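Structure file target.json (JSON, C-alpha atoms and all ligand atoms) follows.
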[["chain", "number", "residue", "atom", "x", "y", "z"],
["K", 146, "MET", "CA", 0.13, 24.49, 7.53],
["K", 147, "THR", "CA", -1.79, 21.38, 8.56],
["K", 148, "GLU", "CA", 0.27, 18.47, 9.77],
["K", 149, "GLN", "CA", 0.75, 15.65, 7.24],
["K", 150, "LYS", "CA", -0.87, 12.32, 8.00],
["K", 151, "LYS", "CA", 1.56, 9.55, 8.81],
["K", 152, "ILE", "CA", 1.40, 5.94, 7.62],
["K", 153, "MET", "CA", 3.50, 3.38, 9.46],
["K", 154, "VAL", "CA", 4.79, 0.51, 7.30],
["K", 155, "VAL", "CA", 5.82, -2.65, 9.18],
["K", 156, "HIS", "CA", 7.76, -5.35, 7.35],
["K", 157, "GLY", "CA", 8.25, -8.71, 9.03],
["K", 158, "PRO", "CA", 10.99, -11.34, 8.98],
["K", 159, "ASN", "CA", 13.10, -12.05, 5.90],
["K", 160, "LEU", "CA", 11.63, -9.13, 3.99],
["K", 161, "ASN", "CA", 15.02, -7.42, 4.40],
["K", 162, "MET", "CA", 16.20, -10.08, 1.92],
["K", 163, "LEU", "CA", 13.78, -9.02, -0.84],
["K", 164, "GLY", "CA", 15.55, -9.02, -4.19],
["K", 165, "LYS", "CA", 17.71, -11.99, -3.17],
["K", 166, "ARG", "CA", 15.03, -14.12, -1.54],
["K", 167, "GLU", "CA", 13.15, -16.53, -3.83],
["K", 168, "PRO", "CA", 12.90, -13.98, -6.67],
["K", 169, "GLY", "CA", 10.51, -16.28, -8.54],
["K", 170, "VAL", "CA", 8.04, -15.82, -5.67],
["K", 171, "TYR", "CA", 8.79, -12.32, -4.38],
["K", 172, "GLY", "CA", 10.34, -10.57, -7.40],
["K", 173, "THR", "CA", 13.59, -8.69, -7.73],
["K", 174, "ALA", "CA", 12.78, -5.38, -6.03],
["K", 175, "THR", "CA", 14.68, -4.83, -2.78],
["K", 176, "LEU", "CA", 13.17, -3.57, 0.45],
["K", 177, "ASP", "CA", 14.83, -0.19, -0.20],
["K", 178, "ASP", "CA", 13.10, -0.14, -3.60],
["K", 179, "VAL", "CA", 9.75, -0.81, -1.91],
["K", 180, "ASN", "CA", 10.27, 1.85, 0.74],
["K", 181, "GLY", "CA", 11.49, 4.33, -1.88],
["K", 182, "MET", "CA", 8.40, 3.66, -4.02],
["K", 183, "LEU", "CA", 6.19, 4.21, -0.96],
["K", 184, "GLU", "CA", 7.95, 7.47, -0.06],
["K", 185, "GLU", "CA", 7.50, 8.74, -3.62],
["K", 186, "ARG", "CA", 3.80, 7.81, -3.71],
["K", 187, "ALA", "CA", 3.28, 9.24, -0.22],
["K", 188, "SER", "CA", 4.65, 12.60, -1.26],
["K", 189, "GLU", "CA", 2.29, 12.62, -4.27],
["K", 190, "LEU", "CA", -0.58, 11.88, -1.89],
["K", 191, "GLY", "CA", 0.51, 14.44, 0.71],
["K", 192, "LEU", "CA", 1.28, 11.71, 3.25],
["K", 193, "VAL", "CA", 4.39, 10.76, 5.21],
["K", 194, "VAL", "CA", 5.50, 7.14, 5.53],
["K", 195, "GLU", "CA", 7.73, 5.63, 8.18],
["K", 196, "ALA", "CA", 9.02, 2.16, 7.32],
["K", 197, "PHE", "CA", 10.28, -0.41, 9.80],
["K", 198, "GLN", "CA", 11.54, -3.97, 9.29],
["K", 199, "SER", "CA", 12.39, -6.57, 11.88],
["K", 200, "ASN", "CA", 13.14, -10.26, 11.97],
["K", 201, "HIS", "CA", 11.96, -10.35, 15.61],
["K", 202, "GLU", "CA", 8.36, -10.76, 16.71],
["K", 203, "GLY", "CA", 8.79, -8.75, 19.95],
["K", 204, "GLU", "CA", 10.37, -5.83, 18.09],
["K", 205, "MET", "CA", 7.39, -5.79, 15.74],
["K", 206, "VAL", "CA", 5.04, -5.76, 18.75],
["K", 207, "ASP", "CA", 7.05, -2.86, 20.26],
["K", 208, "LYS", "CA", 6.79, -0.91, 17.00],
["K", 209, "ILE", "CA", 3.03, -1.49, 16.69],
["K", 210, "GLN", "CA", 2.54, -0.37, 20.31],
["K", 211, "ALA", "CA", 4.62, 2.75, 19.59],
["K", 212, "ALA", "CA", 2.35, 3.49, 16.63],
["K", 213, "VAL", "CA", -0.67, 3.90, 18.92],
["K", 214, "GLY", "CA", -1.69, 7.55, 18.80],
["K", 215, "THR", "CA", 1.24, 8.49, 16.56],
["K", 216, "CYS", "CA", 0.12, 7.37, 13.10],
["K", 217, "ASN", "CA", -3.02, 7.68, 10.99],
["K", 218, "GLY", "CA", -2.83, 4.31, 9.27],
["K", 219, "MET", "CA", -0.70, 1.21, 8.97],
["K", 220, "ILE", "CA", 0.47, -1.15, 6.25],
["K", 221, "ILE", "CA", 1.76, -4.43, 7.61],
["K", 222, "ASN", "CA", 3.25, -7.53, 6.04],
["K", 223, "PRO", "CA", 3.91, -9.71, 9.07],
["K", 224, "ALA", "CA", 5.55, -12.27, 6.70],
["K", 225, "ALA", "CA", 5.92, -15.67, 8.40],
["K", 226, "TYR", "CA", 4.48, -14.29, 11.67],
["K", 227, "THR", "CA", 1.19, -13.79, 9.79],
["K", 228, "HIS", "CA", 0.54, -17.47, 10.22],
["K", 229, "THR", "CA", 1.53, -17.83, 13.87],
["K", 230, "SER", "CA", 1.56, -14.63, 15.89],
["K", 231, "VAL", "CA", -1.13, -14.01, 18.49],
["K", 232, "ALA", "CA", 1.18, -11.30, 19.90],
["K", 233, "ILE", "CA", 1.10, -9.30, 16.66],
["K", 234, "LYS", "CA", -2.66, -9.75, 16.37],
["K", 235, "ASP", "CA", -3.13, -8.50, 19.97],
["K", 236, "ALA", "CA", -0.86, -5.51, 19.30],
["K", 237, "LEU", "CA", -2.85, -4.58, 16.17],
["K", 238, "LEU", "CA", -6.01, -4.58, 18.30],
["K", 239, "LEU", "CA", -4.53, -1.59, 20.18],
["K", 240, "LEU", "CA", -4.72, 0.57, 17.06],
["K", 241, "ASP", "CA", -7.82, 2.53, 16.14],
["K", 242, "VAL", "CA", -6.62, 3.52, 12.66],
["K", 243, "PRO", "CA", -7.10, 1.68, 9.33],
["K", 244, "ILE", "CA", -4.68, -1.21, 8.83],
["K", 245, "ILE", "CA", -3.96, -2.94, 5.52],
["K", 246, "GLU", "CA", -2.36, -6.40, 5.50],
["K", 247, "VAL", "CA", -0.17, -6.94, 2.44],
["K", 248, "HIS", "CA", 1.35, -10.13, 1.05],
["K", 249, "ILE", "CA", 3.57, -9.96, -1.99],
["K", 250, "SER", "CA", 2.78, -13.51, -3.07],
["K", 251, "ASN", "CA", -0.64, -15.10, -3.42],
["K", 252, "VAL", "CA", -0.51, -17.05, -0.18],
["K", 253, "TYR", "CA", -3.66, -18.97, -1.20],
["K", 254, "LYS", "CA", -1.82, -20.58, -4.12],
["K", 255, "ARG", "CA", 0.91, -21.80, -1.78],
["K", 256, "GLU", "CA", 1.23, -24.31, 1.10],
["K", 257, "SER", "CA", -1.89, -24.64, 3.25],
["K", 258, "PHE", "CA", -0.15, -23.25, 6.38],
["K", 259, "ARG", "CA", 0.10, -19.94, 4.51],
["K", 260, "HIS", "CA", -3.69, -19.85, 4.05],
["K", 261, "VAL", "CA", -4.10, -19.09, 7.75],
["K", 262, "SER", "CA", -3.67, -15.49, 8.90],
["K", 263, "MET", "CA", -3.78, -14.57, 12.57],
["K", 264, "VAL", "CA", -4.33, -10.92, 11.68],
["K", 265, "SER", "CA", -6.89, -10.90, 8.83],
["K", 266, "ASP", "CA", -9.84, -10.61, 11.21],
["K", 267, "VAL", "CA", -8.43, -7.52, 12.91],
["K", 268, "VAL", "CA", -7.25, -5.52, 9.88],
["K", 269, "THR", "CA", -9.34, -3.20, 7.72],
["K", 270, "GLY", "CA", -8.46, -4.93, 4.47],
["K", 271, "LYS", "CA", -5.93, -7.12, 2.78],
["K", 272, "ILE", "CA", -4.02, -7.27, -0.53],
["K", 273, "VAL", "CA", -2.36, -10.49, -1.68],
["K", 274, "GLY", "CA", -0.53, -11.67, -4.77],
["K", 275, "LEU", "CA", 0.01, -8.35, -6.54],
["K", 276, "GLY", "CA", 3.76, -8.34, -5.97],
["K", 277, "VAL", "CA", 5.37, -5.32, -4.37],
["K", 278, "HIS", "CA", 2.77, -3.11, -6.11],
["K", 279, "GLY", "CA", 0.38, -4.28, -3.39],
["K", 280, "TYR", "CA", 2.11, -1.88, -0.98],
["K", 281, "LYS", "CA", 1.41, 1.05, -3.29],
["K", 282, "PHE", "CA", -2.23, 0.06, -3.67],
["K", 283, "ALA", "CA", -2.48, -0.22, 0.11],
["K", 284, "LEU", "CA", -1.13, 3.32, 0.44],
["K", 285, "ASP", "CA", -3.61, 4.60, -2.15],
["K", 286, "ALA", "CA", -6.43, 2.94, -0.21],
["K", 287, "LEU", "CA", -5.26, 4.45, 3.08],
["K", 288, "ALA", "CA", -5.04, 7.88, 1.46],
["K", 289, "GLU", "CA", -8.79, 7.60, 0.83],
["K", 290, "MET", "CA", -9.48, 6.53, 4.40],
["K", 291, "VAL", "CA", -7.36, 8.81, 6.57],
["Q", 1, "LIG", "C1", 4.61, -13.25, 2.66],
["Q", 1, "LIG", "C2", 4.00, -14.65, 2.64],
["Q", 1, "LIG", "C3", 4.39, -15.42, 3.89],
["Q", 1, "LIG", "O1", 3.81, -16.72, 3.87],
["Q", 1, "LIG", "C4", 5.89, -15.58, 3.95],
["Q", 1, "LIG", "O2", 6.27, -16.23, 5.14],
["Q", 1, "LIG", "C5", 6.62, -14.28, 3.80],
["Q", 1, "LIG", "C6", 6.12, -13.30, 2.84],
["Q", 1, "LIG", "C7", 4.33, -12.48, 1.35],
["Q", 1, "LIG", "O3", 4.55, -11.27, 1.35],
["Q", 1, "LIG", "O4", 3.93, -13.07, 0.35],
["Q", 1, "LIG", "O5", 7.66, -14.09, 4.38],
["Q", 1, "LIG", "O6", 4.03, -12.50, 3.72]]

If you took the structure in this file and wrote it as structure tokens, what would it be?
Amino acid sequence: MTEQKKIMVVHGPNLNMLGKREPGVYGTATLDDVNGMLEERASELGLVVEAFQSNHEGEMVDKIQAAVGTCNGMIINPAAYTHTSVAIKDALLLLDVPIIEVHISNVYKRESFRHVSMVSDVVTGKIVGLGVHGYKFALDALAEMV
């Protein structure tokens, strides 16, 4: 049996509050719902997903470093750190696998500070504004690439 390809999913700060957090912006699905949806889709695609959430920038950096050589692709929503984190950008540069940046909301329809992403120029592609379905589309795209 060939080993299944692994996709690491990294969720940034406050995404653990999905479902309760600004439902008008982020919807009512919880993070468990999102991860469950990804696991289901992954099994249909013959992939394995490992999901991780942290409210701490350094922990996200540690997780991205640990992904080097151990996963075949990554989905990342760095949440608020998208707009500020050179450390997360530098960590992503360590990876030589496809990376999809996902934002649940359309950041370009929101405050101007959300229009800036520190990571967009180091990822493979990006999905914004499609709600939590964006994660599933990112997984489908990675399935084609890995
Ligand atoms: C977000 C958008 C960010 O601006 C915000 O800080 C988040 C979530 C999104 O998924 O739409 O926490 O990344």

So how many Å separate atom CA of K:Ser257 and atom CA of K:Gly203, to one decimal? 25.4 Å

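Nearest to K:Lys234 of all the residues K:Asn217, K:Gln210, K:Ser199, K:Asn251 is K:Gln210, counting all atoms listed in the file.
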
Please extract the residues at most 12 Å from ligand LIG 1 (chain Q), counting all atoms listed in the file, and provide them as a ChimeraX atom specification, using the chain letters and residue numbers of this document. /K:155-163,166-172,176,198-200,220-230,246-264,271-280

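Atom CA of K:Val231 sits 28.9 Å away from atom CA of K:Glu289.
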
Hey, can you check how far atom CA of K:Val268 sits from atom CA of K:Leu190? 22.0 Å

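Of the residues listed (K:Lys151, K:Lys165, K:Arg186, K:Lys208), K:Lys208 shows the shortest atom-to-atom separation from K:Ile233; distances use only C-alpha atoms.
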
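The shell of residues at most 9 Å from K:Ala187, with only C-alpha atoms counted and near chain neighbours (fewer than 6 positions) removed, consists of Ile152, Val193, Val194, Lys281, Leu284, Asp285 and Ala288 of chain K.
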
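The shortest atom-to-atom distance to K:Pro243, with all atoms listed in the file taken into account, belongs to K:Val291 out of K:Val291, K:Val213, K:Val154, K:Met205.
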
Check the smallest atom-to-atom distance from each of K:Ala211, K:Met182, K:Ala196, K:Leu237 to K:Val267 using all atoms listed in the file, then report the winner. K:Leu237

In the coordinate frame of the file, compute which residues have an atom within 7 Å of (-3.5, 0.4, 8.4) when using all atoms listed in the file, and state them as a ChimeraX atom specification. /K:218-220,242-245,269,287

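Checking K:Leu192, K:Leu238, K:Ala283, K:Leu183 one by one against K:Ile209, counting all atoms listed in the file, you find the shortest gap at K:Leu238.
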
With only C-alpha atoms as the atoms that count, which of K:Gly270, K:Gly164, K:Gly214, K:Gly191 lies nearest to K:Ala286? K:Gly270
